[in-house]
file work_24.pdb (PDB, C-alpha atoms, pLDDT in the B column)
ATOM      1  CA  ASP A 246       0.000   0.000   0.000  1.00 60.00           C
ATOM      2  CA  ALA A 247       2.884   2.378   0.760  1.00 65.00           C
ATOM      3  CA  ALA A 248       4.377   1.742  -2.676  1.00 68.00           C
ATOM      4  CA  LEU A 249       1.014   2.309  -4.362  1.00 66.00           C
ATOM      5  CA  GLU A 250       0.552   5.586  -2.488  1.00 67.00           C
ATOM      6  CA  ALA A 251       4.053   6.711  -3.498  1.00 71.00           C
ATOM      7  CA  PHE A 252       3.488   5.892  -7.177  1.00 69.00           C
ATOM      8  CA  TYR A 253       0.091   7.624  -7.126  1.00 65.00           C
ATOM      9  CA  THR A 254       1.390  10.763  -5.412  1.00 70.00           C
ATOM     10  CA  ALA A 255       4.338  10.986  -7.813  1.00 67.00           C
ATOM     11  CA  GLY A 256       2.051  10.548 -10.809  1.00 68.00           C
ATOM     12  CA  GLN A 257       3.889   7.396 -11.892  1.00 68.00           C
ATOM     13  CA  PHE A 258       0.715   5.752 -13.116  1.00 67.00           C
ATOM     14  CA  SER A 259       2.360   3.093 -15.275  1.00 72.00           C
ATOM     15  CA  LYS A 260       4.209   1.767 -12.210  1.00 74.00           C
ATOM     16  CA  PHE A 261       1.039   2.136 -10.134  1.00 73.00           C
ATOM     17  CA  ASP A 262      -0.951   0.112 -12.663  1.00 70.00           C
ATOM     18  CA  ALA A 263       1.558  -2.731 -12.529  1.00 71.00           C
ATOM     19  CA  ALA A 264       1.880  -2.659  -8.729  1.00 72.00           C
ATOM     20  CA  VAL A 265      -1.837  -2.560  -7.941  1.00 71.00           C
ATOM     21  CA  LYS A 266      -2.484  -5.849  -9.752  1.00 71.00           C
ATOM     22  CA  GLN A 267      -0.261  -7.825  -7.396  1.00 73.00           C
ATOM     23  CA  PRO A 268      -2.286  -7.536  -4.160  1.00 73.00           C
ATOM     24  CA  LEU A 269      -5.537  -7.879  -6.101  1.00 79.00           C
ATOM     25  CA  THR A 270      -4.273 -11.147  -7.555  1.00 75.00           C
ATOM     26  CA  HIS A 271      -2.395 -12.620  -4.613  1.00 74.00           C
ATOM     27  CA  ALA A 272      -4.196 -11.405  -1.469  1.00 77.00           C
ATOM     28  CA  MET A 273      -5.399 -14.265   0.729  1.00 78.00           C
ATOM     29  CA  CYS A 274      -8.903 -12.854   1.310  1.00 85.00           C
ATOM     30  CA  PHE A 275     -11.184 -10.183  -0.084  1.00 87.00           C
ATOM     31  CA  GLU A 276     -10.750  -7.883   2.930  1.00 87.00           C
ATOM     32  CA  ASP A 277      -7.011  -7.735   2.226  1.00 83.00           C
ATOM     33  CA  LYS A 278      -7.796  -6.299  -1.217  1.00 86.00           C
ATOM     34  CA  LEU A 279      -9.924  -3.371  -0.042  1.00 89.00           C
ATOM     35  CA  ASN A 280      -7.122  -0.801   0.301  1.00 85.00           C
ATOM     36  CA  SER A 281      -5.828  -1.760  -3.127  1.00 83.00           C
ATOM     37  CA  TYR A 282      -9.305  -1.338  -4.583  1.00 88.00           C
ATOM     38  CA  HIS A 283      -9.480   2.127  -3.003  1.00 86.00           C
ATOM     39  CA  ASN A 284      -6.187   3.034  -4.618  1.00 82.00           C
ATOM     40  CA  LEU A 285      -7.282   1.568  -7.940  1.00 85.00           C
ATOM     41  CA  VAL A 286     -10.457   3.679  -7.964  1.00 89.00           C
ATOM     42  CA  ARG A 287      -8.429   6.813  -7.188  1.00 83.00           C
ATOM     43  CA  TYR A 288      -6.114   5.990 -10.054  1.00 80.00           C
ATOM     44  CA  LEU A 289      -8.974   5.350 -12.479  1.00 84.00           C
ATOM     45  CA  THR A 290     -10.692   8.593 -11.495  1.00 84.00           C
ATOM     46  CA  ALA A 291      -7.484  10.609 -11.856  1.00 78.00           C
ATOM     47  CA  SER A 292      -6.945   9.001 -15.266  1.00 79.00           C
ATOM     48  CA  GLY A 293     -10.361  10.140 -16.488  1.00 85.00           C
ATOM     49  CA  LYS A 294     -11.775   6.613 -16.387  1.00 87.00           C
ATOM     50  CA  SER A 295     -14.802   7.457 -14.247  1.00 90.00           C
ATOM     51  CA  GLU A 296     -17.003   4.768 -15.747  1.00 92.00           C
ATOM     52  CA  GLU A 297     -14.480   2.050 -14.938  1.00 92.00           C
ATOM     53  CA  ALA A 298     -13.991   3.542 -11.465  1.00 93.00           C
ATOM     54  CA  LEU A 299     -17.750   3.384 -10.838  1.00 95.00           C
ATOM     55  CA  GLU A 300     -17.951  -0.193 -12.112  1.00 95.00           C
ATOM     56  CA  THR A 301     -15.155  -1.144  -9.722  1.00 94.00           C
ATOM     57  CA  CYS A 302     -16.936   0.510  -6.778  1.00 95.00           C
ATOM     58  CA  LEU A 303     -20.213  -1.254  -7.554  1.00 96.00           C
ATOM     59  CA  SER A 304     -18.401  -4.584  -7.913  1.00 95.00           C
ATOM     60  CA  VAL A 305     -16.693  -4.160  -4.536  1.00 96.00           C
ATOM     61  CA  LEU A 306     -19.963  -3.079  -2.913  1.00 97.00           C
ATOM     62  CA  LYS A 307     -21.703  -6.173  -4.275  1.00 96.00           C
ATOM     63  CA  LYS A 308     -19.031  -8.361  -2.679  1.00 94.00           C
ATOM     64  CA  LEU A 309     -19.570  -6.449   0.566  1.00 95.00           C
ATOM     65  CA  GLY A 310     -23.278  -7.279   0.400  1.00 95.00           C
ATOM     66  CA  GLU A 311     -24.470  -3.878  -0.851  1.00 96.00           C
ATOM     67  CA  GLU A 312     -25.743  -4.560  -4.348  1.00 95.00           C
ATOM     68  CA  ILE A 313     -26.853  -1.577  -6.446  1.00 95.00           C
ATOM     69  CA  ALA A 314     -28.152  -2.047  -9.973  1.00 93.00           C
ATOM     70  CA  PRO A 315     -26.187   0.232 -12.330  1.00 92.00           C
ATOM     71  CA  ASN A 316     -29.264   0.595 -14.553  1.00 92.00           C
ATOM     72  CA  ALA A 317     -31.693   1.465 -11.739  1.00 92.00           C
ATOM     73  CA  ASP A 318     -34.624   3.656 -12.790  1.00 94.00           C
ATOM     74  CA  ILE A 319     -36.597   6.463 -11.182  1.00 94.00           C
ATOM     75  CA  LYS A 320     -39.035   3.944  -9.664  1.00 94.00           C
ATOM     76  CA  SER A 321     -36.147   2.363  -7.759  1.00 95.00           C
ATOM     77  CA  LEU A 322     -35.025   5.791  -6.568  1.00 94.00           C
ATOM     78  CA  LEU A 323     -38.485   6.660  -5.264  1.00 95.00           C
ATOM     79  CA  ALA A 324     -38.598   3.361  -3.348  1.00 95.00           C
ATOM     80  CA  GLU A 325     -35.179   4.047  -1.787  1.00 96.00           C
ATOM     81  CA  ALA A 326     -36.136   7.617  -0.872  1.00 95.00           C
ATOM     82  CA  SER A 327     -39.433   6.466   0.620  1.00 94.00           C
ATOM     83  CA  CYS A 328     -37.607   3.973   2.820  1.00 95.00           C
ATOM     84  CA  VAL A 329     -35.281   6.680   4.144  1.00 96.00           C
ATOM     85  CA  LYS A 330     -38.217   9.021   4.695  1.00 93.00           C
ATOM     86  CA  GLN A 331     -39.928   6.414   6.858  1.00 94.00           C
ATOM     87  CA  MET A 332     -36.736   5.933   8.885  1.00 93.00           C
ATOM     88  CA  ILE A 333     -36.330   9.617   9.729  1.00 93.00           C
ATOM     89  CA  ARG A 334     -40.000  10.641   9.929  1.00 88.00           C
ATOM     90  CA  ASN A 335     -40.323  10.506  13.721  1.00 88.00           C
ATOM     91  CA  SER A 336     -36.672  11.155  14.567  1.00 94.00           C
ATOM     92  CA  SER A 337     -35.439  14.528  15.743  1.00 96.00           C
ATOM     93  CA  ILE A 338     -31.995  15.866  14.927  1.00 97.00           C
ATOM     94  CA  ASP A 339     -30.892  15.037  18.481  1.00 96.00           C
ATOM     95  CA  ASP A 340     -32.250  11.504  18.133  1.00 96.00           C
ATOM     96  CA  MET A 341     -30.131  10.918  15.051  1.00 97.00           C
ATOM     97  CA  LEU A 342     -27.032  12.561  16.518  1.00 97.00           C
ATOM     98  CA  ASP A 343     -27.317  10.229  19.519  1.00 97.00           C
ATOM     99  CA  LEU A 344     -27.075   7.120  17.365  1.00 97.00           C
ATOM    100  CA  PRO A 345     -24.015   4.949  18.129  1.00 97.00           C
ATOM    101  CA  LYS A 346     -20.786   5.299  16.141  1.00 97.00           C
ATOM    102  CA  LEU A 347     -20.194   2.869  13.306  1.00 97.00           C
ATOM    103  CA  LYS A 348     -17.513   0.398  14.412  1.00 95.00           C
ATOM    104  CA  ASP A 349     -18.022  -2.645  12.181  1.00 95.00           C
ATOM    105  CA  SER A 350     -15.075  -2.669   9.745  1.00 94.00           C
ATOM    106  CA  HIS A 351     -17.167  -4.403   7.089  1.00 93.00           C
ATOM    107  CA  LYS A 352     -19.795  -1.652   7.168  1.00 96.00           C
ATOM    108  CA  ILE A 353     -17.147   1.071   7.345  1.00 96.00           C
ATOM    109  CA  ALA A 354     -15.790  -0.348   4.089  1.00 95.00           C
ATOM    110  CA  LYS A 355     -19.313  -0.194   2.649  1.00 97.00           C
ATOM    111  CA  ILE A 356     -19.889   3.469   3.462  1.00 97.00           C
ATOM    112  CA  SER A 357     -16.401   4.334   2.247  1.00 96.00           C
ATOM    113  CA  PHE A 358     -16.974   2.746  -1.168  1.00 96.00           C
ATOM    114  CA  LEU A 359     -20.474   4.237  -1.348  1.00 97.00           C
ATOM    115  CA  SER A 360     -18.909   7.657  -0.798  1.00 96.00           C
ATOM    116  CA  THR A 361     -16.372   7.004  -3.537  1.00 93.00           C
ATOM    117  CA  ALA A 362     -19.096   5.782  -5.879  1.00 94.00           C
ATOM    118  CA  ILE A 363     -20.988   9.054  -5.360  1.00 92.00           C
ATOM    119  CA  ARG A 364     -18.090  11.064  -6.756  1.00 87.00           C
ATOM    120  CA  CYS A 365     -17.822   8.729  -9.750  1.00 88.00           C
ATOM    121  CA  SER A 366     -21.552   8.654 -10.555  1.00 92.00           C
ATOM    122  CA  PHE A 367     -22.441  12.346 -10.239  1.00 87.00           C
ATOM    123  CA  GLU A 368     -21.881  13.284 -13.880  1.00 82.00           C
ATOM    124  CA  MET A 369     -22.724   9.917 -15.410  1.00 89.00           C
ATOM    125  CA  ASN A 370     -25.963   8.734 -13.825  1.00 92.00           C
ATOM    126  CA  GLN A 371     -28.064  11.066 -11.671  1.00 92.00           C
ATOM    127  CA  VAL A 372     -30.533   8.356 -10.627  1.00 94.00           C
ATOM    128  CA  LEU A 373     -27.732   6.064  -9.495  1.00 96.00           C
ATOM    129  CA  PHE A 374     -26.109   9.023  -7.726  1.00 96.00           C
ATOM    130  CA  ALA A 375     -29.304   9.639  -5.756  1.00 96.00           C
ATOM    131  CA  ILE A 376     -29.778   5.954  -4.888  1.00 97.00           C
ATOM    132  CA  ILE A 377     -26.237   5.752  -3.524  1.00 97.00           C
ATOM    133  CA  ILE A 378     -26.951   8.777  -1.301  1.00 97.00           C
ATOM    134  CA  CYS A 379     -30.035   7.017   0.081  1.00 97.00           C
ATOM    135  CA  ARG A 380     -28.015   3.868   0.778  1.00 97.00           C
ATOM    136  CA  MET A 381     -25.425   5.885   2.726  1.00 98.00           C
ATOM    137  CA  VAL A 382     -28.121   7.476   4.870  1.00 98.00           C
ATOM    138  CA  LYS A 383     -29.829   4.110   5.471  1.00 97.00           C
ATOM    139  CA  LEU A 384     -26.556   2.486   6.491  1.00 98.00           C
ATOM    140  CA  SER A 385     -25.818   5.343   8.901  1.00 98.00           C
ATOM    141  CA  LEU A 386     -29.240   5.202  10.536  1.00 97.00           C
ATOM    142  CA  GLN A 387     -29.347   1.407  10.765  1.00 96.00           C
ATOM    143  CA  HIS A 388     -25.792   0.609  11.818  1.00 97.00           C
ATOM    144  CA  GLY A 389     -24.211   3.747  13.260  1.00 97.00           C
ATOM    145  CA  LEU A 390     -22.684   7.091  12.379  1.00 98.00           C
ATOM    146  CA  HIS A 391     -19.386   7.611  10.584  1.00 97.00           C
ATOM    147  CA  SER A 392     -17.666  10.855   9.603  1.00 97.00           C
ATOM    148  CA  ILE A 393     -18.921  10.182   6.053  1.00 97.00           C
ATOM    149  CA  SER A 394     -22.482  10.265   7.427  1.00 98.00           C
ATOM    150  CA  ALA A 395     -22.272  14.068   7.702  1.00 97.00           C
ATOM    151  CA  ASP A 396     -21.689  14.279   3.959  1.00 97.00           C
ATOM    152  CA  ALA A 397     -24.459  11.756   3.304  1.00 98.00           C
ATOM    153  CA  PHE A 398     -26.986  13.735   5.356  1.00 98.00           C
ATOM    154  CA  SER A 399     -26.238  16.979   3.527  1.00 97.00           C
ATOM    155  CA  LEU A 400     -26.440  15.299   0.129  1.00 97.00           C
ATOM    156  CA  TYR A 401     -29.754  13.709   1.061  1.00 97.00           C
ATOM    157  CA  GLY A 402     -31.022  17.116   2.124  1.00 96.00           C
ATOM    158  CA  ALA A 403     -30.047  18.519  -1.261  1.00 96.00           C
ATOM    159  CA  LEU A 404     -31.766  15.583  -2.930  1.00 95.00           C
ATOM    160  CA  LEU A 405     -35.015  16.490  -1.161  1.00 95.00           C
ATOM    161  CA  THR A 406     -35.009  19.907  -2.838  1.00 95.00           C
ATOM    162  CA  CYS A 407     -35.309  18.305  -6.292  1.00 92.00           C
ATOM    163  CA  PRO A 408     -38.739  18.506  -7.982  1.00 90.00           C
ATOM    164  CA  THR A 409     -39.164  14.712  -7.890  1.00 87.00           C
ATOM    165  CA  LEU A 410     -39.050  14.588  -4.062  1.00 90.00           C
ATOM    166  CA  SER A 411     -39.660  18.238  -3.090  1.00 89.00           C
ATOM    167  CA  ASP A 412     -39.672  18.217   0.724  1.00 92.00           C
ATOM    168  CA  PHE A 413     -38.027  21.470   1.751  1.00 94.00           C
ATOM    169  CA  ASP A 414     -38.728  21.212   5.479  1.00 93.00           C
ATOM    170  CA  GLU A 415     -37.104  17.797   5.660  1.00 95.00           C
ATOM    171  CA  ALA A 416     -34.273  18.999   3.434  1.00 96.00           C
ATOM    172  CA  TYR A 417     -33.456  21.800   5.882  1.00 96.00           C
ATOM    173  CA  LYS A 418     -33.673  19.390   8.806  1.00 96.00           C
ATOM    174  CA  MET A 419     -31.162  17.039   7.159  1.00 97.00           C
ATOM    175  CA  GLY A 420     -28.907  19.966   6.331  1.00 97.00           C
ATOM    176  CA  ARG A 421     -28.870  21.093   9.951  1.00 97.00           C
ATOM    177  CA  LEU A 422     -28.223  17.503  11.019  1.00 98.00           C
ATOM    178  CA  ALA A 423     -25.211  17.393   8.686  1.00 98.00           C
ATOM    179  CA  LEU A 424     -23.808  20.657  10.081  1.00 97.00           C
ATOM    180  CA  MET A 425     -24.175  19.483  13.671  1.00 97.00           C
ATOM    181  CA  ALA A 426     -22.743  16.066  12.845  1.00 97.00           C
ATOM    182  CA  ILE A 427     -19.444  17.663  11.814  1.00 97.00           C
ATOM    183  CA  ASP A 428     -18.646  18.501  15.445  1.00 95.00           C
ATOM    184  CA  ARG A 429     -20.340  15.469  16.979  1.00 95.00           C
ATOM    185  CA  LEU A 430     -18.446  13.028  14.732  1.00 96.00           C
ATOM    186  CA  ASN A 431     -15.204  15.006  14.431  1.00 95.00           C
ATOM    187  CA  ALA A 432     -15.930  14.983  10.710  1.00 95.00           C
ATOM    188  CA  PHE A 433     -13.913  18.093   9.949  1.00 95.00           C
ATOM    189  CA  ARG A 434     -12.578  16.748   6.656  1.00 95.00           C
ATOM    190  CA  MET A 435     -16.215  16.657   5.502  1.00 96.00           C
ATOM    191  CA  LYS A 436     -16.795  20.311   6.419  1.00 96.00           C
ATOM    192  CA  PRO A 437     -16.098  21.772   2.930  1.00 96.00           C
ATOM    193  CA  ASN A 438     -18.447  19.262   1.273  1.00 96.00           C
ATOM    194  CA  VAL A 439     -21.196  19.788   3.835  1.00 97.00           C
ATOM    195  CA  PHE A 440     -20.944  23.588   3.733  1.00 97.00           C
ATOM    196  CA  LEU A 441     -20.971  23.618  -0.065  1.00 96.00           C
ATOM    197  CA  THR A 442     -24.035  21.385  -0.199  1.00 97.00           C
ATOM    198  CA  PHE A 443     -25.939  23.114   2.587  1.00 97.00           C
ATOM    199  CA  TYR A 444     -25.347  26.716   1.591  1.00 96.00           C
ATOM    200  CA  GLY A 445     -25.319  26.027  -2.145  1.00 95.00           C
ATOM    201  CA  ALA A 446     -28.273  23.667  -2.516  1.00 94.00           C
ATOM    202  CA  ILE A 447     -30.401  23.725   0.648  1.00 96.00           C
ATOM    203  CA  ALA A 448     -30.281  27.138   2.357  1.00 90.00           C
ATOM    204  CA  HIS A 449     -29.958  29.316  -0.725  1.00 74.00           C
TER     205      HIS A 449
END
call {"tool": "encode", "arguments": {"input": "work_24.pdb", "output": "structure tokens"}}
result
Amino acid sequence: DAALEAFYTAGQFSKFDAAVKQPLTHAMCFEDKLNSYHNLVRYLTASGKSEEALETCLSVLKKLGEEIAPNADIKSLLAEASCVKQMIRNSSIDDMLDLPKLKDSHKIAKISFLSTAIRCSFEMNQVLFAIIICRMVKLSLQHGLHSISADAFSLYGALLTCPTLSDFDEAYKMGRLALMAIDRLNAFRMKPNVFLTFYGAIAH
């Protein structure tokens, strides 16, 4: 992993490409491949291969038990959004902030790859982008909060301002939750994303 990081940082992508295949081929178990998959997706994204990066994320997520159909339609999105809406309907911001921290390494890997998949899917498939956001919020509410959850909450709030879902009160609630989660979860690396989403898409 240290060698891969060095090659990536130095922009030596030909060496990176050769080195990343070794752990993916020879690792004893799937969990041992996760860091290499993260590095591979970063490399693919930096190389302008967003579609391949997204395919890799979805493949890893499927192996982690989080299957998302790449050709999902608006009906699937509405079902996902409805499920999240039911989960948060009777929960206050304080209720959600008091949820336990996510500690399961398997589920931390899930939310990490979901977050990566969001960045890859944004320009290519808006429906898939929205479904991934819903999955991140569901995972956070069902299994515990992670620093990435702050970003997920703000993105879900922005999603609720779209004409298809159009729930501005709930959007603002989720935006405030995201802002408060930054401090509660020590999610300071998420602060730029959350601020951009909240002030650019929710509270404008």
call {"tool": "resolve_selection", "arguments": {"input": "work_24.pdb", "expression": "the PyMOL selection byres ((chain A and resi 373-387) around 9)", "output": "ChimeraX atom specification"}}
result
/A:311,313-318,321-323,325-326,328-329,332-333,341,344,346-347,352,355-356,359-360,362-372,388-391,393-394,397-398,400-401,404
call {"tool": "resolve_selection", "arguments": {"input": "work_24.pdb", "expression": "the PyMOL selection byres ((chain A and resi 444) around 12)", "output": "PDB file with C-alpha atoms, keeping the file's coordinate frame"}}
result
ATOM      1  CA  SER A 399     -26.238  16.979   3.527  1.00 97.00           C
ATOM      2  CA  LEU A 400     -26.440  15.299   0.129  1.00 97.00           C
ATOM      3  CA  GLY A 402     -31.022  17.116   2.124  1.00 96.00           C
ATOM      4  CA  ALA A 403     -30.047  18.519  -1.261  1.00 96.00           C
ATOM      5  CA  ALA A 416     -34.273  18.999   3.434  1.00 96.00           C
ATOM      6  CA  TYR A 417     -33.456  21.800   5.882  1.00 96.00           C
ATOM      7  CA  GLY A 420     -28.907  19.966   6.331  1.00 97.00           C
ATOM      8  CA  ARG A 421     -28.870  21.093   9.951  1.00 97.00           C
ATOM      9  CA  ALA A 423     -25.211  17.393   8.686  1.00 98.00           C
ATOM     10  CA  LEU A 424     -23.808  20.657  10.081  1.00 97.00           C
ATOM     11  CA  LYS A 436     -16.795  20.311   6.419  1.00 96.00           C
ATOM     12  CA  PRO A 437     -16.098  21.772   2.930  1.00 96.00           C
ATOM     13  CA  ASN A 438     -18.447  19.262   1.273  1.00 96.00           C
ATOM     14  CA  VAL A 439     -21.196  19.788   3.835  1.00 97.00           C
ATOM     15  CA  PHE A 440     -20.944  23.588   3.733  1.00 97.00           C
ATOM     16  CA  LEU A 441     -20.971  23.618  -0.065  1.00 96.00           C
ATOM     17  CA  THR A 442     -24.035  21.385  -0.199  1.00 97.00           C
ATOM     18  CA  PHE A 443     -25.939  23.114   2.587  1.00 97.00           C
ATOM     19  CA  GLY A 445     -25.319  26.027  -2.145  1.00 95.00           C
ATOM     20  CA  ALA A 446     -28.273  23.667  -2.516  1.00 94.00           C
ATOM     21  CA  ILE A 447     -30.401  23.725   0.648  1.00 96.00           C
ATOM     22  CA  ALA A 448     -30.281  27.138   2.357  1.00 90.00           C
ATOM     23  CA  HIS A 449     -29.958  29.316  -0.725  1.00 74.00           C
TER      24      HIS A 449
END
call {"tool": "atom_distance", "arguments": {"input": "work_24.pdb", "atom1": "CA of Glu300 (chain A)", "atom2": "CA of Phe275 (chain A)"}}
result
17.0 Å
call {"tool": "atom_distance", "arguments": {"input": "work_24.pdb", "atom1": "CA of Asn280 (chain A)", "atom2": "CA of Ala432 (chain A)"}}
result
20.9 Å
call {"tool": "closest_residue", "arguments": {"input": "work_24.pdb", "among": "A:Pro268, A:Ala426, A:Leu303, A:Ser392", "to": "Lys348 (chain A)", "atoms": "only C-alpha atoms"}}
result
A:Ser392
call {"tool": "atom_distance", "arguments": {"input": "work_24.pdb", "atom1": "CA of Ser357 (chain A)", "atom2": "CA of Asp277 (chain A)"}}
result
15.3 Å
call {"tool": "closest_residue", "arguments": {"input": "work_24.pdb", "among": "A:Leu289, A:Leu299, A:Leu405, A:Val305", "to": "Glu276 (chain A)", "atoms": "all atoms listed in the file"}}
result
A:Val305
call {"tool": "build_atoms", "arguments": {"input": "work_24.pdb", "residues": "region 312-321 of chain A", "atoms": "all heavy atoms", "output": "tab-separated table (two decimals), keeping the file's coordinate frame"}}
result
chain	number	residue	atom	x	y	z
A	312	GLU	N	-25.59	-4.52	-2.90
A	312	GLU	CA	-25.74	-4.56	-4.35
A	312	GLU	C	-26.61	-3.39	-4.82
A	312	GLU	O	-27.68	-3.13	-4.29
A	312	GLU	CB	-26.37	-5.88	-4.78
A	312	GLU	CG	-26.44	-6.06	-6.29
A	312	GLU	CD	-26.77	-7.47	-6.71
A	312	GLU	OE1	-27.03	-8.32	-5.83
A	312	GLU	OE2	-26.77	-7.74	-7.93
A	313	ILE	N	-26.13	-2.70	-5.84
A	313	ILE	CA	-26.85	-1.58	-6.45
A	313	ILE	C	-26.85	-1.79	-7.95
A	313	ILE	O	-25.79	-1.91	-8.57
A	313	ILE	CB	-26.18	-0.23	-6.11
A	313	ILE	CG1	-26.08	-0.03	-4.60
A	313	ILE	CG2	-26.97	0.93	-6.74
A	313	ILE	CD1	-25.32	1.21	-4.19
A	314	ALA	N	-28.04	-1.83	-8.53
A	314	ALA	CA	-28.15	-2.05	-9.97
A	314	ALA	C	-27.67	-0.81	-10.72
A	314	ALA	O	-28.18	0.29	-10.47
A	314	ALA	CB	-29.59	-2.35	-10.35
A	315	PRO	N	-26.70	-0.94	-11.62
A	315	PRO	CA	-26.19	0.23	-12.33
A	315	PRO	C	-27.21	0.86	-13.27
A	315	PRO	O	-27.09	2.03	-13.62
A	315	PRO	CB	-24.99	-0.34	-13.11
A	315	PRO	CG	-25.26	-1.79	-13.23
A	315	PRO	CD	-26.00	-2.18	-11.99
A	316	ASN	N	-28.23	0.09	-13.64
A	316	ASN	CA	-29.26	0.60	-14.55
A	316	ASN	C	-30.58	0.89	-13.83
A	316	ASN	O	-31.66	0.85	-14.43
A	316	ASN	CB	-29.51	-0.41	-15.69
A	316	ASN	CG	-29.92	-1.79	-15.16
A	316	ASN	OD1	-29.79	-2.06	-13.96
A	316	ASN	ND2	-30.42	-2.64	-16.04
A	317	ALA	N	-30.49	1.19	-12.53
A	317	ALA	CA	-31.69	1.46	-11.74
A	317	ALA	C	-32.46	2.66	-12.31
A	317	ALA	O	-31.87	3.60	-12.84
A	317	ALA	CB	-31.31	1.74	-10.29
A	318	ASP	N	-33.79	2.60	-12.22
A	318	ASP	CA	-34.62	3.66	-12.79
A	318	ASP	C	-35.23	4.54	-11.70
A	318	ASP	O	-34.98	4.34	-10.51
A	318	ASP	CB	-35.73	3.05	-13.67
A	318	ASP	CG	-36.60	2.05	-12.91
A	318	ASP	OD1	-36.56	2.04	-11.66
A	318	ASP	OD2	-37.32	1.28	-13.56
A	319	ILE	N	-36.02	5.50	-12.11
A	319	ILE	CA	-36.60	6.46	-11.18
A	319	ILE	C	-37.52	5.78	-10.17
A	319	ILE	O	-37.62	6.21	-9.01
A	319	ILE	CB	-37.37	7.58	-11.95
A	319	ILE	CG1	-37.75	8.72	-11.01
A	319	ILE	CG2	-38.58	7.00	-12.65
A	319	ILE	CD1	-36.58	9.51	-10.51
A	320	LYS	N	-38.17	4.69	-10.58
A	320	LYS	CA	-39.03	3.94	-9.66
A	320	LYS	C	-38.22	3.38	-8.51
A	320	LYS	O	-38.65	3.42	-7.35
A	320	LYS	CB	-39.74	2.81	-10.41
A	320	LYS	CG	-40.73	2.02	-9.58
A	320	LYS	CD	-41.44	0.97	-10.42
A	320	LYS	CE	-42.43	0.17	-9.57
A	320	LYS	NZ	-43.12	-0.88	-10.38
A	321	SER	N	-37.03	2.88	-8.81
A	321	SER	CA	-36.15	2.36	-7.76
A	321	SER	C	-35.71	3.48	-6.82
A	321	SER	O	-35.64	3.30	-5.60
A	321	SER	CB	-34.92	1.71	-8.40
A	321	SER	OG	-35.29	0.63	-9.23
